[in-house]
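Participant: Data file upload-v3.cif (mmCIF, C-alpha atoms and all ligand atoms) is appended below.
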```cif
data_start
loop_
_atom_site.label_atom_id
_atom_site.label_comp_id
_atom_site.auth_asym_id
_atom_site.auth_seq_id
_atom_site.Cartn_x
_atom_site.Cartn_y
_atom_site.Cartn_z
CA MET A 26 9.10 -37.21 -29.51
CA LYS A 27 12.07 -36.50 -27.31
CA LEU A 28 12.49 -33.07 -28.91
CA GLN A 29 8.89 -32.13 -28.12
CA LEU A 30 9.30 -33.11 -24.49
CA VAL A 31 12.44 -31.01 -24.17
CA PHE A 32 10.67 -28.04 -25.73
CA LEU A 33 7.77 -28.23 -23.26
CA ILE A 34 10.04 -28.39 -20.23
CA CYS A 35 12.03 -25.41 -21.47
CA THR A 36 8.98 -23.22 -22.12
CA PHE A 37 7.54 -23.84 -18.69
CA ALA A 38 10.79 -23.06 -16.88
CA VAL A 39 11.37 -19.83 -18.82
CA GLY A 40 7.83 -18.72 -18.05
CA ALA A 41 8.32 -19.37 -14.37
CA LEU A 42 11.47 -17.24 -14.38
CA GLY A 43 9.85 -14.22 -16.08
CA HIS A 44 9.91 -11.96 -13.06
CA ALA A 45 11.44 -8.57 -12.40
CA VAL A 46 13.30 -7.40 -9.31
CA ILE A 47 13.83 -3.70 -8.58
CA GLN A 48 15.65 -2.31 -5.56
CA LEU A 49 13.73 0.97 -5.32
CA ASP A 50 16.07 2.31 -2.65
CA ALA A 51 18.46 1.00 -0.01
CA ASP A 52 15.56 0.02 2.28
CA PHE A 53 12.88 -1.10 -0.16
CA GLY A 54 12.80 -3.78 -2.84
CA VAL A 55 10.03 -5.16 -5.02
CA MET A 56 9.71 -8.35 -7.09
CA PHE A 57 6.79 -8.81 -9.45
CA HIS A 58 5.59 -11.08 -12.22
CA MET A 59 2.47 -11.88 -14.17
CA THR A 60 0.94 -15.21 -13.17
CA THR A 61 -0.67 -17.97 -15.21
CA VAL A 62 -4.07 -16.68 -14.03
CA PRO A 63 -4.99 -14.20 -16.83
CA GLY A 64 -4.56 -10.54 -15.84
CA ARG A 65 -3.14 -11.32 -12.40
CA ILE A 66 0.11 -9.86 -11.05
CA GLU A 67 2.01 -11.07 -7.96
CA ILE A 68 4.10 -8.61 -5.98
CA GLU A 69 6.59 -9.20 -3.17
CA VAL A 70 7.77 -6.21 -1.18
CA THR A 71 10.75 -6.24 1.19
CA ALA A 72 11.21 -3.26 3.50
CA LYS A 73 13.67 -2.48 6.24
CA THR A 74 11.10 -1.97 8.98
CA LEU A 75 9.11 -4.05 11.44
CA GLY A 76 6.19 -1.65 11.04
CA TRP A 77 3.61 -1.31 8.29
CA VAL A 78 4.72 -1.39 4.65
CA GLY A 79 2.93 0.35 1.77
CA PHE A 80 3.46 -0.09 -1.97
CA GLY A 81 1.47 1.09 -4.96
CA PHE A 82 0.99 3.11 -8.10
CA SER A 83 0.51 6.73 -9.02
CA LYS A 84 -0.22 8.50 -12.29
CA THR A 85 1.64 11.58 -11.11
CA SER A 86 5.00 11.72 -9.37
CA SER A 87 3.21 12.11 -6.03
CA LEU A 88 1.86 9.95 -3.23
CA SER A 89 -1.45 11.79 -3.38
CA THR A 90 -4.05 9.98 -5.51
CA SER A 91 -2.08 6.76 -5.35
CA ASP A 92 -3.41 3.22 -5.21
CA LEU A 93 -1.70 1.26 -2.42
CA VAL A 94 -1.56 -2.07 -0.64
CA ILE A 95 -0.52 -1.63 3.00
CA GLY A 96 0.31 -4.51 5.30
CA GLY A 97 2.71 -6.07 7.73
CA VAL A 98 3.28 -8.50 10.58
CA HIS A 99 2.15 -7.70 14.14
CA ASP A 100 5.27 -7.88 16.31
CA THR A 101 3.58 -9.34 19.38
CA ASN A 102 1.83 -12.38 17.82
CA GLU A 103 3.20 -12.51 14.22
CA THR A 104 -0.33 -12.16 12.81
CA LEU A 105 -0.37 -10.85 9.22
CA TYR A 106 -2.55 -7.95 8.09
CA HIS A 107 -3.06 -6.02 4.86
CA GLY A 108 -5.56 -3.79 3.13
CA ASP A 109 -6.33 -2.10 -0.18
CA TYR A 110 -5.95 1.67 0.25
CA TRP A 111 -6.44 4.86 -1.73
CA SER A 112 -4.47 7.98 -0.92
CA THR A 113 -6.23 11.30 -1.40
CA ASN A 114 -3.43 13.47 -0.06
CA SER A 115 0.23 12.63 0.56
CA ASN A 116 0.04 14.17 4.05
CA VAL A 117 -2.80 12.11 5.46
CA VAL A 118 -3.22 8.43 6.23
CA PRO A 119 -4.69 6.68 3.15
CA THR A 120 -8.30 5.52 3.32
CA LEU A 121 -9.29 1.87 3.21
CA ASP A 122 -11.00 1.08 -0.13
CA GLU A 123 -14.65 0.11 0.06
CA GLN A 124 -13.79 -2.81 -2.23
CA GLN A 125 -10.78 -4.94 -1.14
CA ASP A 126 -8.90 -6.33 -4.13
CA TRP A 127 -5.50 -7.56 -2.95
CA GLY A 128 -4.97 -11.20 -2.03
CA ARG A 129 -2.09 -12.23 0.21
CA ASN A 130 0.04 -15.36 0.09
CA ASP A 131 0.53 -16.02 3.81
CA THR A 132 3.17 -18.72 3.36
CA GLN A 133 5.48 -16.16 1.75
CA CYS A 134 5.00 -13.33 4.27
CA HIS A 135 7.21 -12.91 7.32
CA GLN A 136 9.43 -10.56 9.24
CA ASN A 137 12.88 -11.16 10.67
CA ALA A 138 14.92 -9.00 13.05
CA THR A 139 15.19 -6.15 10.54
CA HIS A 140 12.88 -6.59 7.53
CA THR A 141 9.24 -7.22 6.64
CA ILE A 142 8.48 -9.29 3.52
CA MET A 143 4.91 -9.28 2.17
CA TYR A 144 3.59 -11.20 -0.83
CA TYR A 145 0.40 -10.15 -2.62
CA TYR A 146 -1.55 -10.71 -5.81
CA ARG A 147 -4.16 -8.67 -7.66
CA GLN A 148 -5.96 -8.41 -10.99
CA LEU A 149 -4.52 -5.63 -13.17
CA ASP A 150 -8.09 -4.35 -13.54
CA THR A 151 -9.97 -4.80 -10.27
CA GLY A 152 -13.15 -3.17 -11.59
CA ASP A 153 -12.95 -0.59 -8.77
CA ALA A 154 -12.82 2.56 -10.91
CA ASP A 155 -13.14 4.90 -7.89
CA GLN A 156 -10.32 3.66 -5.63
CA ASP A 157 -7.99 1.56 -7.80
CA TYR A 158 -6.00 2.23 -10.95
CA VAL A 159 -5.93 -0.29 -13.74
CA ILE A 160 -2.27 -1.36 -13.70
CA PRO A 161 -1.46 -0.50 -17.32
CA ASN A 162 0.64 -2.22 -19.94
CA GLY A 163 2.42 1.12 -20.02
CA ASN A 164 4.32 3.38 -17.69
CA ILE A 165 3.19 4.26 -14.18
CA TYR A 166 4.96 5.67 -11.10
CA LEU A 167 5.74 3.30 -8.26
CA VAL A 168 5.25 4.67 -4.75
CA TRP A 169 6.19 3.21 -1.40
CA SER A 170 6.00 4.19 2.22
CA PHE A 171 6.50 2.61 5.59
CA GLY A 172 6.11 3.27 9.27
CA THR A 173 8.04 2.45 12.40
CA SER A 174 5.17 0.55 14.04
CA ASP A 175 2.17 -1.52 12.93
CA THR A 176 -0.21 1.34 13.66
CA LEU A 177 -0.93 3.02 10.33
CA ASP A 178 0.20 6.61 10.63
CA ASN A 179 1.40 9.34 8.32
CA GLY A 180 4.57 7.41 7.49
CA TYR A 181 8.18 7.50 8.50
CA ARG A 182 9.25 7.28 4.84
CA LYS A 183 7.24 8.26 1.75
CA GLU A 184 8.83 7.88 -1.66
CA VAL A 185 8.08 7.95 -5.39
CA TYR A 186 10.40 6.17 -7.83
CA SER A 187 12.11 8.61 -10.17
CA GLU A 188 11.30 6.61 -13.31
CA GLN A 189 7.99 5.27 -14.52
CA ILE A 190 7.83 1.50 -14.86
CA ASN A 191 5.83 -0.82 -17.13
CA MET A 192 5.15 -3.62 -14.65
CA VAL A 193 3.14 -5.72 -17.08
CA ALA A 194 5.91 -5.80 -19.69
CA LEU A 195 8.75 -6.22 -17.18
CA GLY A 196 6.93 -8.92 -15.23
CA GLY A 197 5.52 -10.63 -18.29
CA HIS A 198 6.60 -13.80 -19.98
CA GLY A 199 8.68 -13.50 -23.13
CA THR A 200 9.00 -9.75 -23.04
CA GLY A 201 12.78 -9.48 -22.99
CA SER A 202 13.30 -7.85 -19.58
CA SER A 203 16.80 -8.29 -18.18
CA ALA A 204 15.56 -10.82 -15.60
CA MET A 205 13.84 -12.65 -18.45
CA ILE A 206 16.93 -12.67 -20.66
CA GLN A 207 19.08 -14.04 -17.83
CA GLY A 208 16.41 -16.68 -17.18
CA SER A 209 16.31 -17.62 -20.84
CA VAL A 210 20.07 -17.99 -21.05
CA ALA A 211 20.18 -20.16 -17.93
CA ILE A 212 17.37 -22.35 -19.18
CA THR A 213 18.80 -22.60 -22.68
CA LEU A 214 21.99 -24.03 -21.17
CA LEU A 215 19.94 -26.37 -19.03
CA CYS A 216 18.00 -27.60 -22.06
CA VAL A 217 21.13 -28.16 -24.13
CA ALA A 218 22.65 -30.17 -21.31
CA PHE A 219 19.46 -32.15 -20.94
CA PHE A 220 19.24 -32.89 -24.66
CA SER A 221 22.92 -33.90 -24.97
CA PHE A 222 22.62 -36.21 -21.99
CA PHE A 223 19.88 -38.19 -23.70
C1 LIG A 301 -2.26 -9.76 17.21
O1 LIG A 301 -1.83 -8.52 17.73
C2 LIG A 301 -2.51 -7.38 17.19
C3 LIG A 301 -1.84 -6.13 17.75
O2 LIG A 301 -1.73 -6.18 19.14
C4 LIG A 301 -4.00 -7.46 17.51
O3 LIG A 301 -4.67 -6.35 16.96
C5 LIG A 301 -4.55 -8.75 16.91
O4 LIG A 301 -5.92 -8.89 17.26
C6 LIG A 301 -3.76 -9.95 17.42
N1 LIG A 301 -4.22 -11.14 16.71
C7 LIG A 301 -4.37 -12.32 17.29
C8 LIG A 301 -4.88 -13.43 16.43
O5 LIG A 301 -4.11 -12.50 18.48
C1 LIG A 302 1.51 -19.24 -2.26
O1 LIG A 302 2.87 -19.56 -2.47
C2 LIG A 302 3.14 -20.95 -2.50
C3 LIG A 302 4.64 -21.13 -2.60
O2 LIG A 302 5.16 -20.52 -3.76
C4 LIG A 302 2.38 -21.57 -3.67
O3 LIG A 302 2.60 -22.96 -3.69
C5 LIG A 302 0.89 -21.27 -3.53
O4 LIG A 302 0.20 -21.74 -4.67
C6 LIG A 302 0.65 -19.79 -3.38
N1 LIG A 302 -0.76 -19.53 -3.10
C7 LIG A 302 -1.48 -18.62 -3.77
C8 LIG A 302 -2.88 -18.45 -3.31
O5 LIG A 302 -1.03 -17.97 -4.70
C1 LIG A 303 15.98 -10.21 6.89
O1 LIG A 303 15.49 -10.39 5.57
C2 LIG A 303 16.08 -9.50 4.63
C3 LIG A 303 15.36 -9.68 3.31
O2 LIG A 303 15.31 -11.01 2.90
C4 LIG A 303 17.56 -9.77 4.54
O3 LIG A 303 18.17 -8.88 3.61
C5 LIG A 303 18.17 -9.55 5.91
O4 LIG A 303 19.55 -9.88 5.86
C6 LIG A 303 17.47 -10.42 6.94
N1 LIG A 303 17.97 -10.03 8.26
C7 LIG A 303 18.25 -10.91 9.21
C8 LIG A 303 18.71 -10.35 10.50
O5 LIG A 303 18.12 -12.12 9.03
#
```
Please render this file's structure as C-alpha cells.
Facilitator:
Amino acid sequence: MKLQLVFLICTFAVGALGHAVIQLDADFGVMFHMTTVPGRIEIEVTAKTLGWVGFGFSKTSSLSTSDLVIGGVHDTNETLYHGDYWSTNSNVVPTLDEQQDWGRNDTQCHQNATHTIMYYYRQLDTGDADQDYVIPNGNIYLVWSFGTSDTLDNGYRKEVYSEQINMVALGGHGTGSSAMIQGSVAITLLCVAFFSFF
C-alpha cells in the first residue's frame, strides 16, 4: 500500500519535470513541454527586447514559409498581445493567420527592464493545413525573430537554429531528454528519501 503511493507520487513529479530548455542564442531562449492535454505543447520564449517577439517552425532552414507565434507586452500599459502568423517571405512582415490557434497563459507573461517572457500553448495539429505546420514527432527547424518596438515590422533580428529539433520527443514525458534524465535522477533521490523516512 505504501509502495503504491510512493510510486504514484514519483510518476507524477517526473512527468511534470519532462520539459526541455534550449538557449537558441545569447538573446533568445525557449522552454517547451508536452502537457497532460493530449497533443498539446506549451512554449515559453524569453527574448532580450521590450518589443515584439516571434518564435516558430520551418521545414527549410529559412524564415520564409515558417509558422510563427508573435507577441509581446505593450510598454505603455503592460497589455499583452499575440497572434498566429504565417511567413511567406523572410523579407516581409508575416501575415496574420485566418485561423488563430495559439493560446496564451497571461499569468506567466511579463517584461522586465530588459527582457520579454511570453508563455503559449497550442495543439501539435491545429487543423489549419494552409497556414500552420503540424509540429511533428520528428525534426523541424526552429526560427525566431524580434523587433525593437511593439509595432510589428520587418524585424531587428531574424534567425534560424542551425540544428533541427524534435520538440515532441524532447518535451515529452519519459523520452530520455537530458532535462528529463536530470529530473528523473532528482526525483529518484526524493522518492528514496521519502520511502526510507517512512
Ligand atoms: C495599450 O497600449 C497599446 C499601444 O499603445 C494600445 O494599442 C492598446 O489599445 C492599449 N490597451 C489598453 C487596454 O489600454
Ligand atoms: C497558466 O499557468 C498557471 C501557473 O503555472 C497554471 O496554474 C494555469 O493552469 C495555466 N493556465 C492555462 C490556461 O494553461
Ligand atoms: C529580466 O528577465 C530575464 C529573463 O528571466 C533575466 O535574465 C534578466 O536578468 C531580467 N532582468 C532584470 C533587469 O531583472
Participant: Which residues come within 7 Å of Asp175 of chain A, counting all atoms listed in the file, excluding same-chain residues fewer than 5 positions away, as a PDB file with C-alpha atoms, keeping the file's coordinate frame?
Facilitator:
```pdb
ATOM      1  CA  GLY A  76       6.190  -1.650  11.040  1.00  0.00           C
ATOM      2  CA  TRP A  77       3.610  -1.310   8.290  1.00  0.00           C
ATOM      3  CA  GLY A  97       2.710  -6.070   7.730  1.00  0.00           C
ATOM      4  CA  HIS A  99       2.150  -7.700  14.140  1.00  0.00           C
TER       5      HIS A  99
END
```
Participant: Each residue of segment 49-132 of chain A lying at most 10 Å from segment 186-191 of chain A should get a row with its shortest atom-to-atom pair and the distance in Å to one decimal, counting all atoms listed in the file; could you produce that, ordered by chain and increasing number, as JSON lines?
Facilitator:
```
{"residue": "A:Leu49", "atom": "CA", "partner": "A:Tyr186", "partner_atom": "CA", "distance": 6.7}
{"residue": "A:Asp50", "atom": "CA", "partner": "A:Tyr186", "partner_atom": "CA", "distance": 8.6}
{"residue": "A:Phe82", "atom": "CA", "partner": "A:Gln189", "partner_atom": "CA", "distance": 9.7}
{"residue": "A:Ser83", "atom": "CA", "partner": "A:Gln189", "partner_atom": "CA", "distance": 9.4}
{"residue": "A:Lys84", "atom": "CA", "partner": "A:Gln189", "partner_atom": "CA", "distance": 9.1}
{"residue": "A:Thr85", "atom": "CA", "partner": "A:Gln189", "partner_atom": "CA", "distance": 9.6}
{"residue": "A:Ser86", "atom": "CA", "partner": "A:Ser187", "partner_atom": "CA", "distance": 7.8}
{"residue": "A:Ser87", "atom": "CA", "partner": "A:Tyr186", "partner_atom": "CA", "distance": 9.5}
```
Participant: For chain A against ligand LIG 303 (chain A), with a cut-off of 8 Å and counting all atoms listed in the file, what is the closest atom pair and its distance in Å to one decimal for every residue that makes the cut, ordered by chain and number, as a tab-separated table?
Facilitator:
```
residue	atom	partner	partner_atom	distance
A:Thr71	CA	A:LIG303	C3	6.1
A:Ala72	CA	A:LIG303	C3	7.6
A:Lys73	CA	A:LIG303	C2	7.6
A:Gln136	CA	A:LIG303	C1	7.0
A:Asn137	CA	A:LIG303	C1	5.0
A:Ala138	CA	A:LIG303	C8	4.8
A:Thr139	CA	A:LIG303	N1	5.3
A:His140	CA	A:LIG303	C1	4.8
A:Thr141	CA	A:LIG303	O1	7.1
A:Ile142	CA	A:LIG303	C3	6.9
```
Participant: For chain A versus ligand LIG 302 (chain A), which residues have an atom no more than 12 Å away, and what is each residue's nearest atom pair and distance in Å rounded to one decimal, using only C-alpha atoms and all ligand atoms, chain-then-number order, as a Markdown table?
Facilitator:
```
| residue | atom | partner | partner_atom | distance |
| --- | --- | --- | --- | --- |
| A:Ala41 | CA | A:LIG302 | O2 | 11.1 |
| A:Met59 | CA | A:LIG302 | O5 | 11.8 |
| A:Thr60 | CA | A:LIG302 | O5 | 9.1 |
| A:Thr61 | CA | A:LIG302 | O5 | 10.5 |
| A:Val62 | CA | A:LIG302 | O5 | 9.9 |
| A:Arg65 | CA | A:LIG302 | O5 | 10.4 |
| A:Ile66 | CA | A:LIG302 | O5 | 10.4 |
| A:Glu67 | CA | A:LIG302 | O5 | 8.2 |
| A:Ile68 | CA | A:LIG302 | O5 | 10.8 |
| A:Glu69 | CA | A:LIG302 | O1 | 11.0 |
| A:Trp127 | CA | A:LIG302 | C8 | 11.2 |
| A:Gly128 | CA | A:LIG302 | C8 | 7.7 |
| A:Arg129 | CA | A:LIG302 | C8 | 7.2 |
| A:Asn130 | CA | A:LIG302 | C1 | 4.8 |
| A:Asp131 | CA | A:LIG302 | C1 | 6.9 |
| A:Thr132 | CA | A:LIG302 | C1 | 5.9 |
| A:Gln133 | CA | A:LIG302 | O1 | 6.0 |
| A:Cys134 | CA | A:LIG302 | O1 | 9.4 |
| A:Met143 | CA | A:LIG302 | C1 | 11.4 |
| A:Tyr144 | CA | A:LIG302 | C1 | 8.4 |
| A:Tyr145 | CA | A:LIG302 | O5 | 8.2 |
| A:Tyr146 | CA | A:LIG302 | O5 | 7.4 |
| A:Arg147 | CA | A:LIG302 | O5 | 10.2 |
```
Participant: Using all atoms listed in the file, pick whichever of A:Asn102, A:Phe80, A:Ala154, A:Leu75 has the shortest atom-to-atom distance to ligand LIG 301 (chain A).
Facilitator: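 Between A:Asn102, A:Phe80, A:Ala154, A:Leu75, the residue approaching ligand LIG 301 (chain A) most closely is A:Asn102.
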Participant: Let me have the centre and edge lengths in Å, one decimal, of the box along x, y and z around every listed atom of segment 127-136 of chain A with 6 Å of margin on each side, as JSON.
Facilitator:
```
{"center_x": 2.0, "center_y": -13.1, "center_z": 3.1, "size_x": 26.9, "size_y": 23.2, "size_z": 24.2}
```
Participant: Please write out the residues within 10 Å of ligand LIG 301 (chain A) as a list of chain:residue names, counting all atoms listed in the file.
Facilitator: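 I would give the residues around ligand LIG 301 (chain A) as A:Val98, A:His99, A:Asp100, A:Thr101, A:Asn102, A:Glu103, A:Thr104, A:Leu105, A:Tyr106, A:Asp175, A:Thr176.
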Participant: Select, from A:Asn179, A:Ala51, A:Gly197, A:Gln148, the residue with the minimum atom-to-atom distance to Asn114 of chain A, counting only C-alpha atoms.
Facilitator: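 Closest residue, counting only C-alpha atoms: A:Asn179.
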Participant: Just how far from atom CA of His135 of chain A is atom CA of Val70 of chain A, in Å to one decimal?
Facilitator: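 Calculated distance between atom CA of Val70 of chain A and atom CA of His135 of chain A is 10.8 Å.
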Participant: Just to confirm, what's the straight-line distance from atom CA of Ile47 of chain A to atom CA of Asp109 of chain A in Å (one decimal)?
Facilitator: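 Atom CA of Ile47 of chain A sits 21.9 Å away from atom CA of Asp109 of chain A.
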Participant: Quick check, in Å to one decimal: how far apart do atom CA of Tyr110 of chain A and atom CA of Phe53 of chain A lie?
Facilitator: 19.0 Å
Participant: Pick out the residues sitting within 7 Å of Gly172 of chain A, and hand them over as a list in words; count all atoms listed in the file, and ignore anything fewer than 3 positions along from it in its own chain.
Facilitator: Gly76, Trp77, Val78, Asp178, Gly180, Tyr181 and Arg182 of chain A
Participant: From the options A:Glu184, A:Ser112, A:Ala194, A:His58, which residue's atoms come nearest to Thr90 of chain A, counting only C-alpha atoms?
Facilitator: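 Of all the options, A:Ser112 lies closest to Thr90 of chain A.
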Participant: When distances are computed from all atoms listed in the file, which of A:Ser91, A:Tyr166, A:Ala45, A:Ser174 shows the smallest separation from Leu195 of chain A?
Facilitator: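 Once distances to Leu195 of chain A are computed over all atoms listed in the file, the minimum belongs to A:Ala45.
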Participant: Between A:Gly108, A:Val193, A:Ser115, A:Glu123, which is the closest to Gln156 of chain A once you count only C-alpha atoms?
Facilitator: A:Glu123
Participant: So which one's closest to Pro161 of chain A, A:Met192, A:Leu121, A:Phe57, A:Pro63? Using all atoms listed in the file, please.
Facilitator: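 Checking each of A:Met192, A:Leu121, A:Phe57, A:Pro63 against Pro161 of chain A, counting all atoms listed in the file, the winner is A:Met192.
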Participant: Using all atoms listed in the file, what residues lie at most 8 Å away from (-6.5, 0.8, -14.3) (file coordinates), given as a PyMOL selection string?
Facilitator: chain A and resi 149-151+154+157-161
